[in-house]
There are 2 protein chains.
Amino acid sequence: MATRTRRSQRRTEALSRERIVEAAVELLDTAGESGLTFRALTERLATGPGAIYWHVANKDELLGAATDAVIAAAVTVGTVAGTVGAATGTVGAATEGSRPATGEPGTTEPPASPQDDIRGVALGLFDAIARHPWLATQLAAQLSRSPWGTVTPRIFESIGRRVRALDVPESSWFTVTSALVHYILGAAGQNAANNASARSLPPGVDRDRFIDTVSRAWGELDPDEYPFTRAVADQMRGHDDREQFLAGVDLVLAGITATHHHGQE
Amino acid sequence: MATRTRRSQRRTEALSRERIVEAAVELLDTAGESGLTFRALTERLATGPGAIYWHVANKDELLGAATDAVIAAAVTVGTVAGTVGAATGTVGAATEGSRPATGEPGTTEPPASPQDDIRGVALGLFDAIARHPWLATQLAAQLSRSPWGTVTPRIFESIGRRVRALDVPESSWFTVTSALVHYILGAAGQNAANNASARSLPPGVDRDRFIDTVSRAWGELDPDEYPFTRAVADQMRGHDDREQFLAGVDLVLAGITATHHHGQE
DNA sequence: TTCCAGGTTGGAATGTCGTTCCAGAGTGTC
DNA sequence: GACACTCTGGAACGACATTCCAACCTGGAA
């Protein structure tokens, strides 16, 4: 241990897997998925590729580690409290206003219902993906490339426990939890992609103007071919992302209660 | 026009945007997302990069065109009949057995309910994504990068019309349709990614063995940290992808009826 | 028939990427 | 003081998307 202290004096900060992953997350957050290159990493860490490859097998593993780190933090925060706090992150992007979720911060709430718990975890993931848009793609890849890794079980467990608490019959646990996770990741991923493209495309144009453009484009579609899309063009103009996401969660929750009906409704 | 006929005699088949997109889809289907390179394209089409770039601006546009072509076909087929036929495609991958969907092929069904219609369209998209796993990523990118393009409105319109037929109040059209589309794309994307990784990882190992491996890994997790995931490890072993996907759709549909309750239930 | 303009082609060249290789520096042990 | 080990970073490689350009083909004008 004493030797370690010596060791770390060689450089102001010794290179380590954690420091690399940390730098990778920062690069991903600031420069997007394409911003994470080994060249940029070596510059940021003032080192060479060989040094990085000593700690990390390849880019895929690095992406996996970055995903794992962020998700672990998000799910942990989400498990402890009502998760709303997870929205106030370092980057502070995209999500604001209207938090109809669990409760005010600071006050200890009455024991939350499983439904509220699920909303909380879902919002935690939603916010994490909103803050780190690259998570969407990565999560989808990770959930399938290695379902034996730590990411999948973490998310699945977090949602699944609350599903069990909903009195869903055991035979439906897997199906119901899968549906919830799929909706959450699908919707959150879509939202993240939206934010990313709204941020990138025309510089200086904010989300409102972006949505406005889309709404206008939808409103000018062929009335014969796209009557419905034209009709909802206005609705999308005023919508709040988090609210709409939660409405979707509630829809699934309502479906669960309706399908596996039990006592209180 | 007569001149056009002459023109195409120059080569056995003249290079055209359609032929390029077609070749791109084939490459994507057989070799995966990373299989689509301009090198492979030039070989397959027996030409050079310059020729391709004459018809297509860049790789992104090519991916967009490929996505558009496949989705257009899928949604169209899905609109006409019960969509189950869409599963028997050229590649014939991934989806097999147990098709608990709308009806037998050939017989003209009694007028389907909006619910059945939605199941049909959803299955059409599910099968399309299962046959073309690269669609999942591409769709997510496309839905957000250019919601003014043809892809988004096509899907949205297809689902939205049926939502309207469900007597959902107009104020909720956008929210409900979004939730459905998000679930469908999320679940289908997950499934596609699963199939892709099951196909690639250990050659000669089929889906069943893949799922078996995951199930076993989940069964061996820490009982304290992952009690739920351990509990459902067995359930995932026997599950059918399409069935589970449809169960999720039904969950959302049930949620819609429960939330916006009206006459028949 | 000859010639030309412009649409079309494919090969060569460019710059960036992930990754590998390797000579050597730093550190603890005999 | 020499050895073995972990760790470093610069140089080099092959693959990629993309650009450039000299040559090609084709329909119409001369």
# chains A, B, ... in the order shown; residues from 1 in each chain; ligands from 1
$ interface_residues --of "chain C" --to "chain B" --cutoff "8 Å" --atoms "only C-alpha atoms (C1' of nucleotides)" --output "number ranges by chain"
C: 8-11
$ residues_around --residues "C:DC30" --least-positions-apart "6" --cutoff "12 Å" --atoms "only C-alpha atoms (C1' of nucleotides)" --output "ChimeraX atom specification"
/D:1-4
$ select_by_dssp --residues "stretch 88-255 of chain B" --states "helix (DSSP H, G or I)" --output "number ranges by chain"
B: 114-131, 134-145, 151-164, 170-200, 207-219, 227-238, 241-255
$ residues_around --residues "B:Trp134" --least-positions-apart "5" --cutoff "7 Å" --atoms "only C-alpha atoms (C1' of nucleotides)" --output "PyMOL selection string"
chain B and resi 28+32-33
$ closest_atom_pairs --of "chain D" --to "chain B" --cutoff "10 Å" --atoms "only C-alpha atoms (C1' of nucleotides)" --output "tab-separated table"
residue	atom	partner	partner_atom	distance
D:DA15	C1'	B:Arg39	CA	9.5
D:DC16	C1'	B:Thr37	CA	7.7
D:DA17	C1'	B:Phe38	CA	7.6
D:DT18	C1'	B:Asn58	CA	8.2
D:DT19	C1'	B:Gly50	CA	8.7
D:DC20	C1'	B:Gly50	CA	9.3
D:DC25	C1'	B:Arg10	CA	8.3
D:DT26	C1'	B:Arg7	CA	7.8
D:DG27	C1'	B:Thr3	CA	8.5
$ interface_residues --of "chain B" --to "chain A" --cutoff "6 Å" --atoms "only C-alpha atoms" --output "PyMOL selection string"
chain B and resi 144-145+148+157+161+174+179+182-183+186-187+193-194+197+217+228-229+232+248+251-252+254-255
$ residues_around --residues "D:DC5" --least-positions-apart "6" --cutoff "12 Å" --atoms "only C-alpha atoms (C1' of nucleotides)" --output "list in words"
DG26, DT27, DG28 and DT29 of chain C
$ write_last_selection --atoms "N, CA and C atoms (P, O5', C5', C4', C3', O3' and C1' of nucleotides)" --output "short mmCIF file (atom, residue, chain, number, x, y, z; two decimals), in the first residue's frame"
data_model
loop_
_atom_site.label_atom_id
_atom_site.label_comp_id
_atom_site.auth_asym_id
_atom_site.auth_seq_id
_atom_site.Cartn_x
_atom_site.Cartn_y
_atom_site.Cartn_z
P DG C 26 11.44 6.90 -15.82
"O5'" DG C 26 10.62 5.92 -14.88
"C5'" DG C 26 9.21 6.08 -14.77
"C4'" DG C 26 8.66 4.96 -13.93
"C3'" DG C 26 9.21 4.90 -12.50
"O3'" DG C 26 8.08 4.89 -11.63
"C1'" DG C 26 9.37 2.77 -13.55
P DT C 27 8.29 5.05 -10.05
"O5'" DT C 27 8.39 3.55 -9.54
"C5'" DT C 27 7.31 2.65 -9.84
"C4'" DT C 27 7.64 1.25 -9.34
"C3'" DT C 27 8.37 1.22 -7.98
"O3'" DT C 27 7.60 0.47 -7.07
"C1'" DT C 27 9.36 -0.26 -9.54
P DG C 28 7.98 0.48 -5.50
"O5'" DG C 28 8.38 -1.05 -5.30
"C5'" DG C 28 7.41 -2.06 -5.52
"C4'" DG C 28 8.08 -3.42 -5.67
"C3'" DG C 28 8.82 -3.90 -4.42
"O3'" DG C 28 8.49 -5.25 -4.17
"C1'" DG C 28 10.26 -3.97 -6.30
P DT C 29 9.20 -6.08 -2.96
"O5'" DT C 29 10.31 -6.92 -3.73
"C5'" DT C 29 9.94 -7.74 -4.84
"C4'" DT C 29 11.08 -8.68 -5.23
"C3'" DT C 29 11.83 -9.30 -4.06
"O3'" DT C 29 12.16 -10.65 -4.36
"C1'" DT C 29 13.35 -8.09 -5.41
#
$ atom_distance --atom1 "atom CA of B:Pro223" --atom2 "atom CA of A:Arg17"
28.7 Å
$ residues_around --residues "D:DA29" --least-positions-apart "3" --cutoff "12 Å" --atoms "only C-alpha atoms (C1' of nucleotides)" --output "list in words"
DT2, DC3, DC4 and DA5 of chain C
$ residues_around --residues "C:DA25" --least-positions-apart "6" --cutoff "12 Å" --atoms "only C-alpha atoms (C1' of nucleotides)" --output "MDAnalysis selection string"
(chainID A and resid 10) or (chainID D and resid 6:9)
$ atom_distance --atom1 "atom CA of B:Leu41" --atom2 "atom CA of B:Arg19"
10.7 Å
$ atom_distance --atom1 "atom CA of A:Val75" --atom2 "atom CA of A:Val121"
7.1 Å
$ closest_residue --among "B:Ala65, B:Asp167, B:Arg44, B:Asp29" --to "B:Ala128" --atoms "only C-alpha atoms"
B:Asp29
$ decode --residues "stretch 125-150 of chain A" --atoms "N, CA and C atoms" --output "PDB file, in the first residue's frame"
ATOM      1  N   LEU A 125     -34.443   5.824 -14.662  1.00  0.00           N
ATOM      2  CA  LEU A 125     -33.821   5.378 -15.908  1.00  0.00           C
ATOM      3  C   LEU A 125     -34.045   6.404 -17.008  1.00  0.00           C
ATOM      4  N   PHE A 126     -35.255   6.936 -17.054  1.00  0.00           N
ATOM      5  CA  PHE A 126     -35.568   7.939 -18.080  1.00  0.00           C
ATOM      6  C   PHE A 126     -34.615   9.125 -17.988  1.00  0.00           C
ATOM      7  N   ASP A 127     -34.442   9.595 -16.774  1.00  0.00           N
ATOM      8  CA  ASP A 127     -33.570  10.762 -16.595  1.00  0.00           C
ATOM      9  C   ASP A 127     -32.115  10.430 -16.896  1.00  0.00           C
ATOM     10  N   ALA A 128     -31.703   9.236 -16.484  1.00  0.00           N
ATOM     11  CA  ALA A 128     -30.323   8.846 -16.766  1.00  0.00           C
ATOM     12  C   ALA A 128     -30.073   8.800 -18.266  1.00  0.00           C
ATOM     13  N   ILE A 129     -31.018   8.256 -18.993  1.00  0.00           N
ATOM     14  CA  ILE A 129     -30.850   8.163 -20.445  1.00  0.00           C
ATOM     15  C   ILE A 129     -30.943   9.543 -21.080  1.00  0.00           C
ATOM     16  N   ALA A 130     -31.770  10.399 -20.484  1.00  0.00           N
ATOM     17  CA  ALA A 130     -31.868  11.755 -21.030  1.00  0.00           C
ATOM     18  C   ALA A 130     -30.547  12.503 -20.825  1.00  0.00           C
ATOM     19  N   ARG A 131     -29.896  12.237 -19.683  1.00  0.00           N
ATOM     20  CA  ARG A 131     -28.634  12.922 -19.418  1.00  0.00           C
ATOM     21  C   ARG A 131     -27.488  12.331 -20.224  1.00  0.00           C
ATOM     22  N   HIS A 132     -27.608  11.041 -20.534  1.00  0.00           N
ATOM     23  CA  HIS A 132     -26.565  10.368 -21.315  1.00  0.00           C
ATOM     24  C   HIS A 132     -27.205   9.701 -22.526  1.00  0.00           C
ATOM     25  N   PRO A 133     -27.474  10.465 -23.575  1.00  0.00           N
ATOM     26  CA  PRO A 133     -28.237   9.915 -24.703  1.00  0.00           C
ATOM     27  C   PRO A 133     -27.611   8.664 -25.310  1.00  0.00           C
ATOM     28  N   TRP A 134     -26.316   8.537 -25.232  1.00  0.00           N
ATOM     29  CA  TRP A 134     -25.654   7.364 -25.806  1.00  0.00           C
ATOM     30  C   TRP A 134     -26.054   6.093 -25.068  1.00  0.00           C
ATOM     31  N   LEU A 135     -26.643   6.222 -23.898  1.00  0.00           N
ATOM     32  CA  LEU A 135     -27.063   5.040 -23.144  1.00  0.00           C
ATOM     33  C   LEU A 135     -28.086   4.223 -23.904  1.00  0.00           C
ATOM     34  N   ALA A 136     -28.958   4.900 -24.639  1.00  0.00           N
ATOM     35  CA  ALA A 136     -30.050   4.200 -25.301  1.00  0.00           C
ATOM     36  C   ALA A 136     -29.515   3.083 -26.191  1.00  0.00           C
ATOM     37  N   THR A 137     -28.663   3.451 -27.123  1.00  0.00           N
ATOM     38  CA  THR A 137     -28.081   2.455 -28.018  1.00  0.00           C
ATOM     39  C   THR A 137     -27.319   1.402 -27.227  1.00  0.00           C
ATOM     40  N   GLN A 138     -26.502   1.878 -26.318  1.00  0.00           N
ATOM     41  CA  GLN A 138     -25.624   0.995 -25.586  1.00  0.00           C
ATOM     42  C   GLN A 138     -26.404  -0.008 -24.762  1.00  0.00           C
ATOM     43  N   LEU A 139     -27.473   0.496 -24.158  1.00  0.00           N
ATOM     44  CA  LEU A 139     -28.311  -0.362 -23.313  1.00  0.00           C
ATOM     45  C   LEU A 139     -28.922  -1.473 -24.142  1.00  0.00           C
ATOM     46  N   ALA A 140     -29.452  -1.113 -25.291  1.00  0.00           N
ATOM     47  CA  ALA A 140     -30.060  -2.125 -26.151  1.00  0.00           C
ATOM     48  C   ALA A 140     -29.034  -3.175 -26.529  1.00  0.00           C
ATOM     49  N   ALA A 141     -27.853  -2.729 -26.874  1.00  0.00           N
ATOM     50  CA  ALA A 141     -26.812  -3.683 -27.253  1.00  0.00           C
ATOM     51  C   ALA A 141     -26.421  -4.551 -26.067  1.00  0.00           C
ATOM     52  N   GLN A 142     -26.276  -3.908 -24.933  1.00  0.00           N
ATOM     53  CA  GLN A 142     -25.805  -4.598 -23.737  1.00  0.00           C
ATOM     54  C   GLN A 142     -26.824  -5.623 -23.228  1.00  0.00           C
ATOM     55  N   LEU A 143     -28.084  -5.212 -23.242  1.00  0.00           N
ATOM     56  CA  LEU A 143     -29.132  -6.082 -22.722  1.00  0.00           C
ATOM     57  C   LEU A 143     -29.146  -7.409 -23.455  1.00  0.00           C
ATOM     58  N   SER A 144     -28.667  -7.404 -24.672  1.00  0.00           N
ATOM     59  CA  SER A 144     -28.752  -8.629 -25.452  1.00  0.00           C
ATOM     60  C   SER A 144     -27.395  -9.278 -25.650  1.00  0.00           C
ATOM     61  N   ARG A 145     -26.363  -8.450 -25.816  1.00  0.00           N
ATOM     62  CA  ARG A 145     -25.045  -9.020 -26.067  1.00  0.00           C
ATOM     63  C   ARG A 145     -24.620  -9.881 -24.882  1.00  0.00           C
ATOM     64  N   SER A 146     -24.865  -9.397 -23.703  1.00  0.00           N
ATOM     65  CA  SER A 146     -24.444 -10.173 -22.538  1.00  0.00           C
ATOM     66  C   SER A 146     -25.456 -10.043 -21.414  1.00  0.00           C
ATOM     67  N   PRO A 147     -26.557 -10.780 -21.522  1.00  0.00           N
ATOM     68  CA  PRO A 147     -27.585 -10.707 -20.477  1.00  0.00           C
ATOM     69  C   PRO A 147     -27.085 -11.315 -19.181  1.00  0.00           C
ATOM     70  N   TRP A 148     -25.889 -11.890 -19.221  1.00  0.00           N
ATOM     71  CA  TRP A 148     -25.336 -12.438 -17.996  1.00  0.00           C
ATOM     72  C   TRP A 148     -24.476 -11.397 -17.269  1.00  0.00           C
ATOM     73  N   GLY A 149     -24.310 -10.252 -17.913  1.00  0.00           N
ATOM     74  CA  GLY A 149     -23.541  -9.180 -17.275  1.00  0.00           C
ATOM     75  C   GLY A 149     -24.318  -8.587 -16.114  1.00  0.00           C
ATOM     76  N   THR A 150     -23.820  -7.500 -15.592  1.00  0.00           N
ATOM     77  CA  THR A 150     -24.465  -6.922 -14.412  1.00  0.00           C
ATOM     78  C   THR A 150     -25.604  -5.988 -14.778  1.00  0.00           C
TER      79      THR A 150
END
